[in-house]
>>> print(open('input06.pdb').read())   # PDB, C-alpha atoms
ATOM      1  CA  MET A   7      93.207 133.153  51.005
ATOM      2  CA  GLU A   8      95.559 132.141  53.779
ATOM      3  CA  THR A   9      98.642 130.247  52.676
ATOM      4  CA  SER A  10      98.955 126.796  54.251
ATOM      5  CA  LEU A  11     101.862 125.904  56.540
ATOM      6  CA  ILE A  12     103.120 123.268  54.050
ATOM      7  CA  GLU A  13     103.195 125.856  51.264
ATOM      8  CA  LYS A  14     104.990 128.382  53.481
ATOM      9  CA  LEU A  15     107.589 125.803  54.522
ATOM     10  CA  ASP A  16     108.041 124.604  50.937
ATOM     11  CA  LYS A  17     108.770 128.167  49.814
ATOM     12  CA  SER A  18     111.196 128.745  52.707
ATOM     13  CA  ARG A  19     112.970 125.474  51.900
ATOM     14  CA  TYR A  20     113.436 126.597  48.295
ATOM     15  CA  ASN A  21     114.811 129.970  49.441
ATOM     16  CA  LEU A  22     117.123 128.303  51.975
ATOM     17  CA  ILE A  23     118.590 126.034  49.273
ATOM     18  CA  LYS A  24     118.907 129.032  46.924
ATOM     19  CA  TRP A  25     120.926 131.129  49.402
ATOM     20  CA  PHE A  26     122.909 128.071  50.526
ATOM     21  CA  THR A  27     123.885 127.569  46.851
ATOM     22  CA  VAL A  28     124.884 131.235  46.500
ATOM     23  CA  GLY A  29     126.978 130.983  49.687
ATOM     24  CA  TRP A  30     128.656 127.762  48.519
ATOM     25  CA  THR A  31     129.407 129.229  45.059
ATOM     26  CA  ILE A  32     131.065 132.342  46.477
ATOM     27  CA  TRP A  33     132.828 130.784  49.463
ATOM     28  CA  PHE A  34     134.248 127.616  47.931
ATOM     29  CA  GLY A  35     134.870 129.345  44.580
ATOM     30  CA  GLY A  36     137.005 131.922  46.399
ATOM     31  CA  PHE A  37     138.681 129.151  48.406
ATOM     32  CA  ILE A  38     139.818 127.464  45.149
ATOM     33  CA  LEU A  39     140.820 130.709  43.418
ATOM     34  CA  LYS A  40     142.989 131.912  46.309
ATOM     35  CA  ASP A  41     145.526 129.137  45.608
ATOM     36  CA  LEU A  42     145.710 130.024  41.917
ATOM     37  CA  ILE A  43     146.167 133.818  42.104
ATOM     38  CA  SER A  44     149.410 135.566  43.069
ATOM     39  CA  ASN A  45     148.398 139.247  42.656
ATOM     40  CA  ILE A  46     148.043 140.561  46.214
ATOM     41  CA  PHE A  47     145.235 143.053  45.407
ATOM     42  CA  ILE A  48     143.082 140.485  43.562
ATOM     43  CA  LEU A  49     143.859 137.908  46.261
ATOM     44  CA  GLY A  50     142.666 140.325  48.977
ATOM     45  CA  LEU A  51     139.486 141.002  47.044
ATOM     46  CA  ILE A  52     138.825 137.271  46.549
ATOM     47  CA  ILE A  53     139.397 136.570  50.259
ATOM     48  CA  LEU A  54     136.998 139.389  51.194
ATOM     49  CA  ILE A  55     134.274 138.180  48.814
ATOM     50  CA  GLY A  56     134.951 134.561  49.888
ATOM     51  CA  LEU A  57     134.502 135.591  53.530
ATOM     52  CA  PHE A  58     131.114 137.095  52.699
ATOM     53  CA  GLY A  59     130.208 133.855  50.902
ATOM     54  CA  GLY A  60     131.427 131.844  53.900
ATOM     55  CA  ILE A  61     129.161 133.808  56.251
ATOM     56  CA  LEU A  62     126.203 133.358  53.865
ATOM     57  CA  PHE A  63     126.945 129.634  53.595
ATOM     58  CA  SER A  64     127.293 129.140  57.377
ATOM     59  CA  VAL A  65     124.167 131.142  58.245
ATOM     60  CA  ASN A  66     122.090 129.178  55.716
ATOM     61  CA  LEU A  67     123.561 125.862  56.851
ATOM     62  CA  LEU A  68     122.435 126.647  60.406
ATOM     63  CA  ARG A  69     119.014 127.744  59.117
ATOM     64  CA  ILE A  70     118.666 124.457  57.181
ATOM     65  CA  ILE A  71     119.488 122.462  60.344
ATOM     66  CA  LYS A  72     116.915 124.507  62.310
ATOM     67  CA  PHE A  73     114.378 124.054  59.492
ATOM     68  CA  GLY A  74     114.960 120.273  59.544
ATOM     69  CA  LYS A  75     114.330 120.186  63.300
ATOM     70  CA  ILE A  76     111.031 122.090  62.912
ATOM     71  CA  VAL A  77     109.829 119.806  60.088
ATOM     72  CA  ASN A  78     110.915 116.594  61.846
ATOM     73  CA  SER A  79     109.092 117.570  65.060
ATOM     74  CA  ASP A  80     105.716 116.892  63.398
ATOM     75  CA  SER A  81     105.273 113.555  61.566
ATOM     76  CA  ASN A  82     102.487 114.864  59.267
ATOM     77  CA  LEU A  83     104.603 117.847  58.320
ATOM     78  CA  LYS A  84     107.645 115.618  57.825
ATOM     79  CA  ASN A  85     105.702 113.329  55.460
ATOM     80  CA  ALA A  86     104.230 116.249  53.541
ATOM     81  CA  MET A  87     107.581 117.999  53.143
ATOM     82  CA  ASN A  88     109.238 114.767  52.015
ATOM     83  CA  ASP A  89     106.470 113.688  49.681
ATOM     84  CA  GLU A  90     107.107 111.516  46.633
ATOM     85  CA  LEU A  91     107.689 114.400  44.218
ATOM     86  CA  MET A  92     110.327 115.843  46.559
ATOM     87  CA  LEU A  93     112.049 112.438  46.896
ATOM     88  CA  HIS A  94     111.843 111.938  43.120
ATOM     89  CA  ASN A  95     113.443 115.350  42.491
ATOM     90  CA  ARG A  96     116.082 114.686  45.158
ATOM     91  CA  ASN A  97     117.020 111.431  43.411
ATOM     92  CA  LYS A  98     117.285 113.230  40.071
ATOM     93  CA  SER A  99     119.549 115.895  41.642
ATOM     94  CA  PHE A 100     121.844 113.224  43.104
ATOM     95  CA  ILE A 101     122.020 111.533  39.681
ATOM     96  CA  VAL A 102     123.103 114.873  38.160
ATOM     97  CA  GLY A 103     125.745 115.210  40.911
ATOM     98  CA  TYR A 104     126.949 111.635  40.318
ATOM     99  CA  TRP A 105     127.402 112.226  36.575
ATOM    100  CA  THR A 106     129.165 115.533  37.177
ATOM    101  CA  PHE A 107     131.610 113.778  39.558
ATOM    102  CA  SER A 108     132.165 110.923  37.089
ATOM    103  CA  ILE A 109     132.688 113.195  34.059
ATOM    104  CA  LEU A 110     135.068 115.469  36.005
ATOM    105  CA  ILE A 111     137.122 112.466  37.163
ATOM    106  CA  CYS A 112     137.325 111.258  33.526
ATOM    107  CA  ILE A 113     138.432 114.723  32.370
ATOM    108  CA  PHE A 114     141.099 114.991  35.084
ATOM    109  CA  LEU A 115     142.243 111.430  34.372
ATOM    110  CA  ALA A 116     142.685 112.279  30.691
ATOM    111  CA  LEU A 117     144.468 115.548  31.552
ATOM    112  CA  SER A 118     146.821 113.793  33.982
ATOM    113  CA  MET A 119     148.303 111.895  31.036
ATOM    114  CA  PHE A 120     149.608 115.161  29.592
ATOM    115  CA  LEU A 121     149.841 117.529  32.569
ATOM    116  CA  ASP A 122     151.109 117.398  36.124
ATOM    117  CA  ILE A 123     147.955 118.342  38.098
ATOM    118  CA  SER A 124     147.890 118.935  41.855
ATOM    119  CA  THR A 125     145.739 116.412  43.741
ATOM    120  CA  LEU A 126     144.440 119.254  45.938
ATOM    121  CA  ILE A 127     143.117 121.201  42.937
ATOM    122  CA  VAL A 128     141.510 118.074  41.462
ATOM    123  CA  CYS A 129     139.737 117.312  44.758
ATOM    124  CA  GLU A 130     138.660 120.932  45.289
ATOM    125  CA  ILE A 131     137.274 121.407  41.765
ATOM    126  CA  THR A 132     135.506 118.020  41.771
ATOM    127  CA  LEU A 133     133.927 118.708  45.172
ATOM    128  CA  TYR A 134     132.979 122.263  44.150
ATOM    129  CA  LEU A 135     131.359 121.436  40.809
ATOM    130  CA  GLY A 136     129.825 118.153  42.008
ATOM    131  CA  THR A 137     128.094 119.880  44.923
ATOM    132  CA  LEU A 138     127.153 122.914  42.843
ATOM    133  CA  SER A 139     125.557 120.806  40.103
ATOM    134  CA  THR A 140     123.533 118.867  42.707
ATOM    135  CA  LEU A 141     122.296 122.086  44.335
ATOM    136  CA  LEU A 142     121.525 123.843  41.051
ATOM    137  CA  SER A 143     119.663 120.848  39.647
ATOM    138  CA  SER A 144     117.694 120.608  42.897
ATOM    139  CA  LEU A 145     116.639 124.260  42.448
ATOM    140  CA  PHE A 146     115.780 123.561  38.807
ATOM    141  CA  PHE A 147     113.683 120.450  39.498
ATOM    142  CA  ASN A 148     111.849 122.072  42.420
ATOM    143  CA  ARG A 149     111.120 125.362  40.675
ATOM    144  CA  ASP A 150     107.526 126.584  40.593
TER     145      ASP A 150
ATOM    146  CA  MET B   2     105.329 102.884  29.355
ATOM    147  CA  GLU B   3     106.185 105.351  26.578
ATOM    148  CA  ASP B   4     103.157 104.070  24.638
ATOM    149  CA  PHE B   5     100.777 104.991  27.450
ATOM    150  CA  GLU B   6      99.588 108.273  28.880
ATOM    151  CA  LEU B   7      98.079 108.678  32.328
ATOM    152  CA  GLN B   8      95.209 111.142  32.246
ATOM    153  CA  ASN B   9      93.407 112.317  35.352
ATOM    154  CA  GLN B  10      90.255 114.051  36.529
ATOM    155  CA  ILE B  11      91.811 115.867  39.488
ATOM    156  CA  ARG B  12      91.064 119.327  38.098
ATOM    157  CA  VAL B  13      87.392 118.383  37.538
ATOM    158  CA  GLN B  14      87.057 116.770  40.969
ATOM    159  CA  ARG B  15      88.686 119.803  42.597
ATOM    160  CA  ALA B  16      86.234 122.072  40.819
ATOM    161  CA  ILE B  17      83.308 119.942  42.078
ATOM    162  CA  LYS B  18      84.596 120.241  45.655
ATOM    163  CA  ASN B  19      85.551 123.885  45.073
ATOM    164  CA  LEU B  20      89.128 123.359  46.233
ATOM    165  CA  THR B  21      92.370 125.023  45.181
ATOM    166  CA  GLN B  22      95.494 122.927  44.531
ATOM    167  CA  GLU B  23      96.929 124.227  47.798
ATOM    168  CA  GLU B  24      93.839 123.246  49.814
ATOM    169  CA  LEU B  25      93.795 119.771  48.262
ATOM    170  CA  ALA B  26      97.523 119.382  48.938
ATOM    171  CA  SER B  27      97.003 120.369  52.554
ATOM    172  CA  LYS B  28      94.154 117.847  52.982
ATOM    173  CA  ILE B  29      96.105 115.007  51.355
ATOM    174  CA  GLY B  30      99.360 115.899  53.137
ATOM    175  CA  VAL B  31     101.604 116.694  50.172
ATOM    176  CA  THR B  32     102.972 119.906  48.682
ATOM    177  CA  ARG B  33     101.058 122.014  46.143
ATOM    178  CA  LYS B  34     103.770 121.276  43.561
ATOM    179  CA  THR B  35     102.966 117.551  43.817
ATOM    180  CA  ILE B  36      99.266 118.141  43.097
ATOM    181  CA  ASN B  37     100.159 120.559  40.306
ATOM    182  CA  THR B  38     102.571 118.176  38.569
ATOM    183  CA  ILE B  39     100.162 115.212  38.873
ATOM    184  CA  GLU B  40      97.258 117.311  37.575
ATOM    185  CA  ASN B  41      99.303 118.461  34.572
ATOM    186  CA  GLY B  42     100.517 114.928  33.814
ATOM    187  CA  LYS B  43     104.172 115.768  34.504
ATOM    188  CA  PHE B  44     104.477 113.389  37.458
ATOM    189  CA  VAL B  45     102.996 109.903  37.862
ATOM    190  CA  PRO B  46     101.933 109.342  41.486
ATOM    191  CA  SER B  47     102.543 106.137  43.423
ATOM    192  CA  THR B  48      99.677 103.675  43.892
ATOM    193  CA  VAL B  49      99.362 104.787  47.522
ATOM    194  CA  LEU B  50      98.961 108.452  46.614
ATOM    195  CA  ALA B  51      96.571 107.619  43.755
ATOM    196  CA  ILE B  52      94.354 105.630  46.159
ATOM    197  CA  ARG B  53      94.490 108.405  48.763
ATOM    198  CA  LEU B  54      93.384 110.952  46.168
ATOM    199  CA  ALA B  55      90.579 108.689  44.923
ATOM    200  CA  ARG B  56      89.380 108.053  48.489
ATOM    201  CA  PHE B  57      89.375 111.761  49.199
ATOM    202  CA  PHE B  58      87.138 112.393  46.175
ATOM    203  CA  ASN B  59      84.996 109.307  47.003
ATOM    204  CA  ILE B  60      85.528 107.727  43.586
ATOM    205  CA  ASN B  61      87.421 104.721  42.222
ATOM    206  CA  VAL B  62      91.076 105.092  41.241
ATOM    207  CA  GLU B  63      90.202 104.271  37.643
ATOM    208  CA  GLU B  64      87.634 107.060  37.577
ATOM    209  CA  LEU B  65      90.310 109.492  38.725
ATOM    210  CA  PHE B  66      93.161 108.116  36.610
ATOM    211  CA  GLU B  67      92.845 106.673  33.150
ATOM    212  CA  LEU B  68      95.596 104.952  31.207
ATOM    213  CA  ILE B  69      95.299 105.939  27.559
ATOM    214  CA  GLU B  70      97.103 104.069  24.804
ATOM    215  CA  LYS B  71      98.800 106.540  22.459
TER     216      LYS B  71
END
>>> encode(input="input06.pdb", output="structure tokens")
Amino acid sequence: METSLIEKLDKSRYNLIKWFTVGWTIWFGGFILKDLISNIFILGLIILIGLFGGILFSVNLLRIIKFGKIVNSDSNLKNAMNDELMLHNRNKSFIVGYWTFSILICIFLALSMFLDISTLIVCEITLYLGTLSTLLSSLFFNRD
Amino acid sequence: MEDFELQNQIRVQRAIKNLTQEELASKIGVTRKTINTIENGKFVPSTVLAIRLARFFNINVEELFELIEK
């Protein structure tokens, strides 16, 4: 049986988000770690892996933009790809991201009473984990 | 709503029309996952989608969906 266009696009969307998440994890993870490590060999390795993650992230970001343009060019396709289950799962993912942000801010706030934490690190870690939790929960909710 | 369960006849109606979940999804204009989750009772559709499904099968909404008290 031939697979429908909606099904094909739904599968490609899932794969795009999956590789985008992998790219984000490697690239931004390396970006945070590079400020915390002083060993030149490990630092070089992290930069190299981070660069690979950065390429993966950028390529998938461009593919997502291109995918969005294809889907938005046809109103029936746009409605089908943004159906109520998809919107429901998207809302749930954003709620997960919101709680991750809130809990991280609470943790850092509590830590700041005892430690002197750099604002840059706080922002980087909050952005990293907040985005990662949103992406991972999106993959979880939209799994087959 | 915890005391109620929404049961549906989508699987039966699909079998009558000899349609797969993917074919039904394509005809209604949603993804296969949406049909699958509604059919398995994991997702409660909106009134609009429930009516569209009932119209497609040429039956009343209450014949397709039944609210059962637990």
>>> resolve_selection(input="input06.pdb", expression="the PyMOL selection byres ((chain B) within 10 of (chain A))", output="ChimeraX atom specification")
/B:23-24,26-27,29-39,44-47,50
>>> closest_residue(input="input06.pdb", among="A:Leu54, A:Leu93, A:Leu22, A:Leu142", to="Leu67 of chain A", atoms="all atoms listed in the file")
A:Leu22
>>> residues_around(input="input06.pdb", residues="Ile61 of chain A", least_positions_apart="3", cutoff="12 Å", atoms="all atoms listed in the file", output="number ranges by chain")
A: 25-26, 28-30, 32-34, 54-58, 64-68
>>> residues_around(input="input06.pdb", residues="Ile101 of chain A", least_positions_apart="4", cutoff="12 Å", atoms="all atoms listed in the file", output="PyMOL selection string")
chain A and resi 94-97+105-108+136-137+139-141+143-144
>>> residues_around(input="input06.pdb", residues="Ile111 of chain A", least_positions_apart="6", cutoff="10 Å", atoms="only C-alpha atoms", output="list in words")
Trp105, Leu117, Val128, Cys129 and Thr132 of chain A
>>> build_atoms(input="input06.pdb", residues="segment 68-104 of chain A", atoms="N, CA and C atoms", output="PDB file, keeping the file's coordinate frame")
ATOM      1  N   LEU A  68     123.078 126.686  59.082  1.00  0.00           N
ATOM      2  CA  LEU A  68     122.435 126.647  60.406  1.00  0.00           C
ATOM      3  C   LEU A  68     120.920 126.743  60.275  1.00  0.00           C
ATOM      4  N   ARG A  69     120.459 127.595  59.334  1.00  0.00           N
ATOM      5  CA  ARG A  69     119.014 127.744  59.117  1.00  0.00           C
ATOM      6  C   ARG A  69     118.405 126.447  58.566  1.00  0.00           C
ATOM      7  N   ILE A  70     119.161 125.736  57.727  1.00  0.00           N
ATOM      8  CA  ILE A  70     118.666 124.457  57.181  1.00  0.00           C
ATOM      9  C   ILE A  70     118.539 123.426  58.305  1.00  0.00           C
ATOM     10  N   ILE A  71     119.536 123.405  59.210  1.00  0.00           N
ATOM     11  CA  ILE A  71     119.488 122.462  60.344  1.00  0.00           C
ATOM     12  C   ILE A  71     118.268 122.773  61.233  1.00  0.00           C
ATOM     13  N   LYS A  72     118.052 124.074  61.485  1.00  0.00           N
ATOM     14  CA  LYS A  72     116.915 124.507  62.310  1.00  0.00           C
ATOM     15  C   LYS A  72     115.591 124.152  61.611  1.00  0.00           C
ATOM     16  N   PHE A  73     115.566 124.362  60.302  1.00  0.00           N
ATOM     17  CA  PHE A  73     114.378 124.054  59.492  1.00  0.00           C
ATOM     18  C   PHE A  73     114.067 122.554  59.578  1.00  0.00           C
ATOM     19  N   GLY A  74     115.110 121.731  59.455  1.00  0.00           N
ATOM     20  CA  GLY A  74     114.960 120.273  59.544  1.00  0.00           C
ATOM     21  C   GLY A  74     114.376 119.848  60.885  1.00  0.00           C
ATOM     22  N   LYS A  75     114.833 120.518  61.965  1.00  0.00           N
ATOM     23  CA  LYS A  75     114.330 120.186  63.300  1.00  0.00           C
ATOM     24  C   LYS A  75     112.847 120.518  63.421  1.00  0.00           C
ATOM     25  N   ILE A  76     112.445 121.672  62.860  1.00  0.00           N
ATOM     26  CA  ILE A  76     111.031 122.090  62.912  1.00  0.00           C
ATOM     27  C   ILE A  76     110.162 121.078  62.151  1.00  0.00           C
ATOM     28  N   VAL A  77     110.602 120.724  60.933  1.00  0.00           N
ATOM     29  CA  VAL A  77     109.829 119.806  60.088  1.00  0.00           C
ATOM     30  C   VAL A  77     109.765 118.416  60.728  1.00  0.00           C
ATOM     31  N   ASN A  78     110.882 117.941  61.268  1.00  0.00           N
ATOM     32  CA  ASN A  78     110.915 116.594  61.846  1.00  0.00           C
ATOM     33  C   ASN A  78     110.147 116.471  63.161  1.00  0.00           C
ATOM     34  N   SER A  79     109.809 117.627  63.780  1.00  0.00           N
ATOM     35  CA  SER A  79     109.092 117.570  65.060  1.00  0.00           C
ATOM     36  C   SER A  79     107.628 117.148  64.878  1.00  0.00           C
ATOM     37  N   ASP A  80     107.110 117.273  63.672  1.00  0.00           N
ATOM     38  CA  ASP A  80     105.716 116.892  63.398  1.00  0.00           C
ATOM     39  C   ASP A  80     105.704 115.845  62.277  1.00  0.00           C
ATOM     40  N   SER A  81     105.202 114.642  62.561  1.00  0.00           N
ATOM     41  CA  SER A  81     105.273 113.555  61.566  1.00  0.00           C
ATOM     42  C   SER A  81     104.465 113.855  60.299  1.00  0.00           C
ATOM     43  N   ASN A  82     103.295 114.525  60.453  1.00  0.00           N
ATOM     44  CA  ASN A  82     102.487 114.864  59.267  1.00  0.00           C
ATOM     45  C   ASN A  82     103.210 115.857  58.371  1.00  0.00           C
ATOM     46  N   LEU A  83     103.840 116.825  59.040  1.00  0.00           N
ATOM     47  CA  LEU A  83     104.603 117.847  58.320  1.00  0.00           C
ATOM     48  C   LEU A  83     105.815 117.219  57.638  1.00  0.00           C
ATOM     49  N   LYS A  84     106.466 116.305  58.351  1.00  0.00           N
ATOM     50  CA  LYS A  84     107.645 115.618  57.825  1.00  0.00           C
ATOM     51  C   LYS A  84     107.283 114.832  56.560  1.00  0.00           C
ATOM     52  N   ASN A  85     106.152 114.110  56.623  1.00  0.00           N
ATOM     53  CA  ASN A  85     105.702 113.329  55.460  1.00  0.00           C
ATOM     54  C   ASN A  85     105.330 114.228  54.287  1.00  0.00           C
ATOM     55  N   ALA A  86     104.653 115.338  54.605  1.00  0.00           N
ATOM     56  CA  ALA A  86     104.230 116.249  53.541  1.00  0.00           C
ATOM     57  C   ALA A  86     105.424 116.929  52.875  1.00  0.00           C
ATOM     58  N   MET A  87     106.406 117.298  53.685  1.00  0.00           N
ATOM     59  CA  MET A  87     107.581 117.999  53.143  1.00  0.00           C
ATOM     60  C   MET A  87     108.534 117.052  52.413  1.00  0.00           C
ATOM     61  N   ASN A  88     108.417 115.760  52.720  1.00  0.00           N
ATOM     62  CA  ASN A  88     109.238 114.767  52.015  1.00  0.00           C
ATOM     63  C   ASN A  88     108.338 113.870  51.177  1.00  0.00           C
ATOM     64  N   ASP A  89     107.398 114.486  50.489  1.00  0.00           N
ATOM     65  CA  ASP A  89     106.470 113.688  49.681  1.00  0.00           C
ATOM     66  C   ASP A  89     107.178 113.086  48.466  1.00  0.00           C
ATOM     67  N   GLU A  90     106.427 112.285  47.695  1.00  0.00           N
ATOM     68  CA  GLU A  90     107.107 111.516  46.633  1.00  0.00           C
ATOM     69  C   GLU A  90     107.702 112.372  45.524  1.00  0.00           C
ATOM     70  N   LEU A  91     107.109 113.529  45.248  1.00  0.00           N
ATOM     71  CA  LEU A  91     107.689 114.400  44.218  1.00  0.00           C
ATOM     72  C   LEU A  91     109.040 114.936  44.687  1.00  0.00           C
ATOM     73  N   MET A  92     109.085 115.319  45.977  1.00  0.00           N
ATOM     74  CA  MET A  92     110.327 115.843  46.559  1.00  0.00           C
ATOM     75  C   MET A  92     111.427 114.772  46.509  1.00  0.00           C
ATOM     76  N   LEU A  93     111.070 113.535  46.900  1.00  0.00           N
ATOM     77  CA  LEU A  93     112.049 112.438  46.896  1.00  0.00           C
ATOM     78  C   LEU A  93     112.493 112.122  45.473  1.00  0.00           C
ATOM     79  N   HIS A  94     111.546 112.189  44.529  1.00  0.00           N
ATOM     80  CA  HIS A  94     111.843 111.938  43.120  1.00  0.00           C
ATOM     81  C   HIS A  94     112.825 112.988  42.589  1.00  0.00           C
ATOM     82  N   ASN A  95     112.553 114.262  42.934  1.00  0.00           N
ATOM     83  CA  ASN A  95     113.443 115.350  42.491  1.00  0.00           C
ATOM     84  C   ASN A  95     114.808 115.260  43.156  1.00  0.00           C
ATOM     85  N   ARG A  96     114.806 114.828  44.431  1.00  0.00           N
ATOM     86  CA  ARG A  96     116.082 114.686  45.158  1.00  0.00           C
ATOM     87  C   ARG A  96     116.934 113.608  44.485  1.00  0.00           C
ATOM     88  N   ASN A  97     116.291 112.510  44.113  1.00  0.00           N
ATOM     89  CA  ASN A  97     117.020 111.431  43.411  1.00  0.00           C
ATOM     90  C   ASN A  97     117.613 111.939  42.103  1.00  0.00           C
ATOM     91  N   LYS A  98     116.812 112.706  41.358  1.00  0.00           N
ATOM     92  CA  LYS A  98     117.285 113.230  40.071  1.00  0.00           C
ATOM     93  C   LYS A  98     118.492 114.165  40.286  1.00  0.00           C
ATOM     94  N   SER A  99     118.439 114.986  41.341  1.00  0.00           N
ATOM     95  CA  SER A  99     119.549 115.895  41.642  1.00  0.00           C
ATOM     96  C   SER A  99     120.815 115.115  41.961  1.00  0.00           C
ATOM     97  N   PHE A 100     120.667 114.036  42.752  1.00  0.00           N
ATOM     98  CA  PHE A 100     121.844 113.224  43.104  1.00  0.00           C
ATOM     99  C   PHE A 100     122.413 112.526  41.865  1.00  0.00           C
ATOM    100  N   ILE A 101     121.541 112.155  40.929  1.00  0.00           N
ATOM    101  CA  ILE A 101     122.020 111.533  39.681  1.00  0.00           C
ATOM    102  C   ILE A 101     122.843 112.557  38.887  1.00  0.00           C
ATOM    103  N   VAL A 102     122.360 113.801  38.852  1.00  0.00           N
ATOM    104  CA  VAL A 102     123.103 114.873  38.160  1.00  0.00           C
ATOM    105  C   VAL A 102     124.479 115.045  38.820  1.00  0.00           C
ATOM    106  N   GLY A 103     124.487 115.077  40.165  1.00  0.00           N
ATOM    107  CA  GLY A 103     125.745 115.210  40.911  1.00  0.00           C
ATOM    108  C   GLY A 103     126.687 114.050  40.629  1.00  0.00           C
ATOM    109  N   TYR A 104     126.144 112.833  40.579  1.00  0.00           N
ATOM    110  CA  TYR A 104     126.949 111.635  40.318  1.00  0.00           C
ATOM    111  C   TYR A 104     127.625 111.732  38.953  1.00  0.00           C
TER     112      TYR A 104
END
